[in-house]
>>> print(open('target-v4.cif').read())   # mmCIF, C-alpha atoms
data_protein
#
loop_
_atom_site.group_PDB
_atom_site.id
_atom_site.type_symbol
_atom_site.label_atom_id
_atom_site.label_comp_id
_atom_site.auth_asym_id
_atom_site.auth_seq_id
_atom_site.Cartn_x
_atom_site.Cartn_y
_atom_site.Cartn_z
ATOM 1 C CA MET M 27 -27.126 6.703 21.599
ATOM 2 C CA LYS M 28 -28.848 7.802 18.407
ATOM 3 C CA ASN M 29 -30.535 5.229 16.181
ATOM 4 C CA GLU M 30 -28.377 6.194 13.190
ATOM 5 C CA LEU M 31 -25.179 5.564 15.170
ATOM 6 C CA ILE M 32 -26.501 2.229 16.476
ATOM 7 C CA LYS M 33 -27.374 1.084 12.949
ATOM 8 C CA SER M 34 -24.010 2.264 11.653
ATOM 9 C CA LEU M 35 -22.015 0.471 14.366
ATOM 10 C CA THR M 36 -24.071 -2.709 13.964
ATOM 11 C CA ASN M 37 -23.589 -2.683 10.193
ATOM 12 C CA ASP M 38 -19.847 -1.991 10.563
ATOM 13 C CA PHE M 39 -19.481 -4.983 12.891
ATOM 14 C CA GLU M 40 -21.509 -7.328 10.674
ATOM 15 C CA ASP M 41 -19.781 -6.064 7.507
ATOM 16 C CA HIS M 42 -16.398 -7.107 8.905
ATOM 17 C CA SER M 43 -17.447 -10.725 9.416
ATOM 18 C CA GLN M 44 -15.864 -13.328 7.204
ATOM 19 C CA THR M 45 -16.378 -17.046 6.726
ATOM 20 C CA THR M 46 -13.867 -19.878 6.605
ATOM 21 C CA ASP M 47 -14.042 -22.575 3.941
ATOM 22 C CA ASN M 48 -15.800 -24.717 6.573
ATOM 23 C CA GLY M 49 -18.528 -22.096 7.002
ATOM 24 C CA ILE M 50 -17.332 -20.741 10.354
ATOM 25 C CA GLU M 51 -18.039 -17.045 10.848
ATOM 26 C CA PHE M 52 -15.115 -14.990 12.164
ATOM 27 C CA TRP M 53 -13.653 -11.500 12.494
ATOM 28 C CA PHE M 54 -10.029 -10.392 12.387
ATOM 29 C CA ALA M 55 -9.040 -8.672 15.625
ATOM 30 C CA ARG M 56 -7.215 -5.911 13.758
ATOM 31 C CA ASP M 57 -10.432 -5.130 11.886
ATOM 32 C CA ILE M 58 -12.612 -4.823 14.981
ATOM 33 C CA GLN M 59 -9.907 -3.122 17.032
ATOM 34 C CA HIS M 60 -10.796 0.230 15.488
ATOM 35 C CA LEU M 61 -14.530 -0.489 15.608
ATOM 36 C CA LEU M 62 -14.169 -0.846 19.373
ATOM 37 C CA GLY M 63 -12.272 2.420 19.772
ATOM 38 C CA TYR M 64 -8.722 1.116 20.218
ATOM 39 C CA SER M 65 -6.114 2.924 18.144
ATOM 40 C CA GLU M 66 -3.105 0.908 19.346
ATOM 41 C CA TRP M 67 -2.704 -2.833 18.916
ATOM 42 C CA ARG M 68 -0.768 -3.256 22.172
ATOM 43 C CA ASN M 69 -3.703 -1.862 24.181
ATOM 44 C CA PHE M 70 -6.244 -3.928 22.290
ATOM 45 C CA ASN M 71 -4.105 -7.035 22.676
ATOM 46 C CA LYS M 72 -4.399 -6.654 26.488
ATOM 47 C CA VAL M 73 -8.182 -6.838 26.113
ATOM 48 C CA ILE M 74 -7.829 -9.940 23.937
ATOM 49 C CA LEU M 75 -5.690 -11.584 26.639
ATOM 50 C CA LYS M 76 -8.370 -10.843 29.270
ATOM 51 C CA ALA M 77 -11.028 -12.252 26.940
ATOM 52 C CA LYS M 78 -8.972 -15.422 26.456
ATOM 53 C CA THR M 79 -8.765 -15.784 30.239
ATOM 54 C CA SER M 80 -12.566 -15.426 30.474
ATOM 55 C CA CYS M 81 -12.976 -18.005 27.732
ATOM 56 C CA GLU M 82 -10.762 -20.506 29.509
ATOM 57 C CA ALA M 83 -12.339 -19.818 32.928
ATOM 58 C CA SER M 84 -15.782 -20.591 31.491
ATOM 59 C CA GLY M 85 -14.606 -24.020 30.374
ATOM 60 C CA ASN M 86 -14.234 -23.283 26.666
ATOM 61 C CA LEU M 87 -11.180 -24.043 24.576
ATOM 62 C CA VAL M 88 -9.427 -20.786 23.754
ATOM 63 C CA SER M 89 -8.225 -22.284 20.477
ATOM 64 C CA ASP M 90 -11.861 -22.784 19.384
ATOM 65 C CA HIS M 91 -12.527 -19.036 19.551
ATOM 66 C CA PHE M 92 -9.167 -17.246 19.263
ATOM 67 C CA VAL M 93 -6.852 -18.378 16.466
ATOM 68 C CA ASP M 94 -3.507 -16.614 16.195
ATOM 69 C CA VAL M 95 -2.577 -15.865 12.585
ATOM 70 C CA ASN M 96 -0.067 -13.801 10.650
ATOM 71 C CA LYS M 97 -0.977 -11.733 7.651
ATOM 72 C CA MET M 98 0.812 -9.510 5.206
ATOM 73 C CA VAL M 99 0.004 -5.820 5.074
ATOM 74 C CA THR M 100 1.390 -3.059 2.920
ATOM 75 C CA ILE M 101 3.081 -0.356 4.971
ATOM 76 C CA GLY M 102 3.627 3.299 4.097
ATOM 77 C CA SER M 103 6.730 2.686 1.981
ATOM 78 C CA GLY M 104 4.787 0.332 -0.278
ATOM 79 C CA THR M 105 6.517 -2.787 1.037
ATOM 80 C CA ASP M 106 4.791 -5.740 2.617
ATOM 81 C CA ARG M 107 5.257 -6.658 6.255
ATOM 82 C CA GLU M 108 3.965 -9.593 8.287
ATOM 83 C CA ILE M 109 1.875 -8.697 11.365
ATOM 84 C CA ASP M 110 0.178 -10.680 14.111
ATOM 85 C CA ASP M 111 -3.593 -10.947 14.090
ATOM 86 C CA VAL M 112 -6.263 -13.126 15.657
ATOM 87 C CA MET M 113 -9.272 -14.776 14.066
ATOM 88 C CA LEU M 114 -12.217 -14.360 16.446
ATOM 89 C CA THR M 115 -15.547 -16.135 16.679
ATOM 90 C CA ARG M 116 -18.658 -14.168 17.600
ATOM 91 C CA TYR M 117 -18.237 -15.519 21.136
ATOM 92 C CA ALA M 118 -14.673 -14.183 21.234
ATOM 93 C CA CYS M 119 -15.928 -10.778 20.078
ATOM 94 C CA TYR M 120 -18.499 -10.880 22.859
ATOM 95 C CA LEU M 121 -15.798 -11.641 25.444
ATOM 96 C CA ILE M 122 -13.636 -8.833 24.095
ATOM 97 C CA ALA M 123 -16.543 -6.413 24.425
ATOM 98 C CA GLN M 124 -17.144 -7.556 27.989
ATOM 99 C CA ASN M 125 -13.468 -7.084 28.884
ATOM 100 C CA GLY M 126 -12.993 -3.773 27.080
ATOM 101 C CA ASP M 127 -12.996 -0.286 28.549
ATOM 102 C CA PRO M 128 -16.693 0.576 29.126
ATOM 103 C CA ARG M 129 -15.867 4.297 29.052
ATOM 104 C CA LYS M 130 -15.342 3.930 25.313
ATOM 105 C CA GLU M 131 -18.625 4.578 23.521
ATOM 106 C CA GLU M 132 -17.869 1.768 21.054
ATOM 107 C CA ILE M 133 -17.307 -0.761 23.872
ATOM 108 C CA ALA M 134 -20.490 0.360 25.643
ATOM 109 C CA PHE M 135 -22.343 -0.109 22.360
ATOM 110 C CA ALA M 136 -20.796 -3.569 21.820
ATOM 111 C CA GLN M 137 -21.753 -4.659 25.334
ATOM 112 C CA ASN M 138 -25.317 -3.513 24.704
ATOM 113 C CA TYR M 139 -25.358 -5.121 21.242
ATOM 114 C CA PHE M 140 -24.322 -8.529 22.582
ATOM 115 C CA ALA M 141 -26.772 -8.285 25.490
ATOM 116 C CA ILE M 142 -29.617 -7.622 23.052
ATOM 117 C CA GLN M 143 -28.498 -10.400 20.694
ATOM 118 C CA THR M 144 -28.347 -12.827 23.622
ATOM 119 C CA ARG M 145 -31.843 -11.849 24.734
ATOM 120 C CA LYS M 146 -33.186 -12.253 21.191
ATOM 121 C CA PHE M 147 -31.701 -15.754 21.070
ATOM 122 C CA GLU M 148 -33.266 -16.609 24.446
ATOM 123 C CA ILE M 149 -36.684 -15.451 23.225
ATOM 124 C CA ILE M 150 -36.360 -17.434 19.990
ATOM 125 C CA ALA M 151 -35.254 -20.549 21.894
ATOM 126 C CA LYS M 152 -38.245 -20.195 24.264
ATOM 127 C CA ARG M 153 -40.636 -19.820 21.344
ATOM 128 C CA ILE M 154 -39.206 -22.944 19.706
ATOM 129 C CA ASP M 155 -39.580 -24.870 22.983
ATOM 130 C CA ASP M 156 -43.165 -23.626 23.379
ATOM 131 C CA TRP M 157 -43.983 -24.593 19.790
ATOM 132 C CA GLU M 158 -42.505 -28.082 20.261
ATOM 133 C CA ARG M 159 -44.450 -28.527 23.517
ATOM 134 C CA LEU M 160 -47.669 -27.417 21.784
ATOM 135 C CA ASN M 161 -47.058 -29.853 18.923
ATOM 136 C CA ALA M 162 -46.445 -32.691 21.412
ATOM 137 C CA ARG M 163 -49.708 -31.839 23.205
ATOM 138 C CA GLN M 164 -51.628 -31.774 19.933
ATOM 139 C CA LYS M 165 -50.205 -35.174 18.960
ATOM 140 C CA LEU M 166 -51.104 -36.562 22.370
ATOM 141 C CA THR M 167 -54.646 -35.188 22.071
ATOM 142 C CA LEU M 168 -55.089 -36.808 18.642
ATOM 143 C CA SER M 169 -53.663 -40.121 19.861
ATOM 144 C CA GLU M 170 -55.907 -40.027 22.926
ATOM 145 C CA LYS M 171 -58.963 -39.367 20.763
ATOM 146 C CA GLU M 172 -58.059 -42.202 18.361
ATOM 147 C CA LEU M 173 -57.487 -44.589 21.271
ATOM 148 C CA SER M 174 -60.817 -43.679 22.882
ATOM 149 C CA GLU M 175 -62.659 -44.141 19.585
ATOM 150 C CA LEU M 176 -61.009 -47.527 19.077
ATOM 151 C CA ILE M 177 -61.818 -48.694 22.625
ATOM 152 C CA TYR M 178 -65.429 -47.584 22.327
ATOM 153 C CA GLU M 179 -65.758 -49.209 18.909
ATOM 154 C CA LYS M 180 -64.390 -52.530 20.206
ATOM 155 C CA THR M 181 -66.314 -52.586 23.517
ATOM 156 C CA GLY M 182 -69.619 -51.324 22.199
ATOM 157 C CA ASN M 183 -70.874 -49.751 25.403
ATOM 158 C CA ASP M 184 -70.118 -47.034 27.929
ATOM 159 C CA LYS M 185 -69.563 -49.367 30.893
ATOM 160 C CA ASN M 186 -66.787 -51.439 29.278
ATOM 161 C CA PHE M 187 -65.253 -48.314 27.804
ATOM 162 C CA GLY M 188 -65.131 -46.722 31.266
ATOM 163 C CA ILE M 189 -63.528 -49.814 32.838
ATOM 164 C CA ILE M 190 -60.793 -49.997 30.197
ATOM 165 C CA ARG M 191 -60.068 -46.255 30.393
ATOM 166 C CA SER M 192 -59.983 -46.430 34.189
ATOM 167 C CA LYS M 193 -57.478 -49.304 34.128
ATOM 168 C CA GLY M 194 -55.336 -47.385 31.629
ATOM 169 C CA ASP M 195 -55.392 -44.289 33.834
ATOM 170 C CA GLN M 196 -54.446 -46.382 36.864
ATOM 171 C CA ALA M 197 -51.486 -47.843 34.968
ATOM 172 C CA LEU M 198 -50.333 -44.438 33.709
ATOM 173 C CA PHE M 199 -50.882 -42.412 36.872
ATOM 174 C CA GLY M 200 -49.738 -44.813 39.589
ATOM 175 C CA GLY M 201 -52.979 -46.432 40.623
ATOM 176 C CA LYS M 202 -55.171 -43.330 40.641
ATOM 177 C CA ASN M 203 -57.843 -42.890 38.058
ATOM 178 C CA THR M 204 -58.669 -39.452 36.702
ATOM 179 C CA SER M 205 -61.766 -38.974 38.834
ATOM 180 C CA GLN M 206 -59.664 -39.551 41.993
ATOM 181 C CA MET M 207 -56.976 -37.162 40.732
ATOM 182 C CA LYS M 208 -59.512 -34.366 40.274
ATOM 183 C CA LYS M 209 -60.634 -34.724 43.905
ATOM 184 C CA ASP M 210 -57.018 -34.465 45.232
#
>>> encode(input="target-v4.cif", output="structure tokens")
Amino acid sequence: MKNELIKSLTNDFEDHSQTTDNGIEFWFARDIQHLLGYSEWRNFNKVILKAKTSCEASGNLVSDHFVDVNKMVTIGSGTDREIDDVMLTRYACYLIAQNGDPRKEEIAFAQNYFAIQTRKFEIIAKRIDDWERLNARQKLTLSEKELSELIYEKTGNDKNFGIIRSKGDQALFGGKNTSQMKKD
């Protein structure tokens, strides 16, 4: 798939997102229906039903991700008519892509798009975890240094310092001091 088409499809999908008054991002199913290559609502609605089944089977509340709504549209004669629609979360859009016809180029793109977005999120989450772990280690190192300085300052010699540190290590590491742990 060409880069221009990928950018265009991504922008089309993101451009159709809306936000509720509570700040929840959503898409109308009738808007993304055409983005995913479905010309008829009845065919697209079958995909939505499969996606709802997937949602429920994974332990999620369907009503949290698929909200049935009615909206008014102007038809060819210039009159307004009420039609069914569904408000979809990003997760619902993902499930629809996964349950759509993969022979459609738009569905294949959407499946790829959501796979990449999921991977990006996993990488970001790992980096955050690594950063938090590094910060915890740095805090522990500083605390350890401060404790050692305080013990040495209060004991005044290497022998007493070593005894106190050894007892602390034994308490922390189940009776083994650090020199014994290195031998194991």
>>> closest_residue(input="target-v4.cif", among="M:Leu168, M:Ile149, M:Ala123, M:Ile190", to="Ile58 in chain M", atoms="only C-alpha atoms")
M:Ala123
>>> residues_around(input="target-v4.cif", residues="Ala118 in chain M", least_positions_apart="3", cutoff="7 Å", atoms="all atoms listed in the file", output="PyMOL selection string")
chain M and resi 91-92+114-115+121-122
>>> atom_distance(input="target-v4.cif", atom1="CA of Lys72 in chain M", atom2="CA of Asn138 in chain M")
21.2 Å
>>> atom_distance(input="target-v4.cif", atom1="CA of Ala83 in chain M", atom2="CA of Arg56 in chain M")
24.2 Å
>>> closest_residue(input="target-v4.cif", among="M:Glu175, M:Tyr117, M:Val99, M:Gln59", to="Leu87 in chain M", atoms="all atoms listed in the file")
M:Tyr117
>>> atom_distance(input="target-v4.cif", atom1="CA of Trp157 in chain M", atom2="CA of Ser169 in chain M")
18.3 Å
>>> closest_residue(input="target-v4.cif", among="M:Ile189, M:Leu166, M:Met113, M:Ala134", to="Thr45 in chain M", atoms="only C-alpha atoms")
M:Met113
>>> closest_residue(input="target-v4.cif", among="M:Ser174, M:Arg68, M:Val95, M:Leu62", to="Pro128 in chain M", atoms="only C-alpha atoms")
M:Leu62
>>> residues_around(input="target-v4.cif", residues="Ile109 in chain M", least_positions_apart="6", cutoff="12 Å", atoms="all atoms listed in the file", output="PDB file with C-alpha atoms, in the coordinates of the input")
ATOM      1  CA  ALA M  55      -9.040  -8.672  15.625  1.00  0.00           C
ATOM      2  CA  ARG M  56      -7.215  -5.911  13.758  1.00  0.00           C
ATOM      3  CA  TRP M  67      -2.704  -2.833  18.916  1.00  0.00           C
ATOM      4  CA  ASP M  94      -3.507 -16.614  16.195  1.00  0.00           C
ATOM      5  CA  VAL M  95      -2.577 -15.865  12.585  1.00  0.00           C
ATOM      6  CA  ASN M  96      -0.067 -13.801  10.650  1.00  0.00           C
ATOM      7  CA  LYS M  97      -0.977 -11.733   7.651  1.00  0.00           C
ATOM      8  CA  MET M  98       0.812  -9.510   5.206  1.00  0.00           C
ATOM      9  CA  VAL M  99       0.004  -5.820   5.074  1.00  0.00           C
ATOM     10  CA  THR M 100       1.390  -3.059   2.920  1.00  0.00           C
ATOM     11  CA  ILE M 101       3.081  -0.356   4.971  1.00  0.00           C
TER      12      ILE M 101
END
>>> resolve_selection(input="target-v4.cif", expression="the PyMOL selection byres ((chain M and resi 137) around 9)", output="ChimeraX atom specification")
/M:120,123-124,126,128,132-136,138-142
>>> closest_residue(input="target-v4.cif", among="M:Ser80, M:Ser65, M:Asn183, M:Asn48", to="Asn125 in chain M", atoms="only C-alpha atoms")
M:Ser80
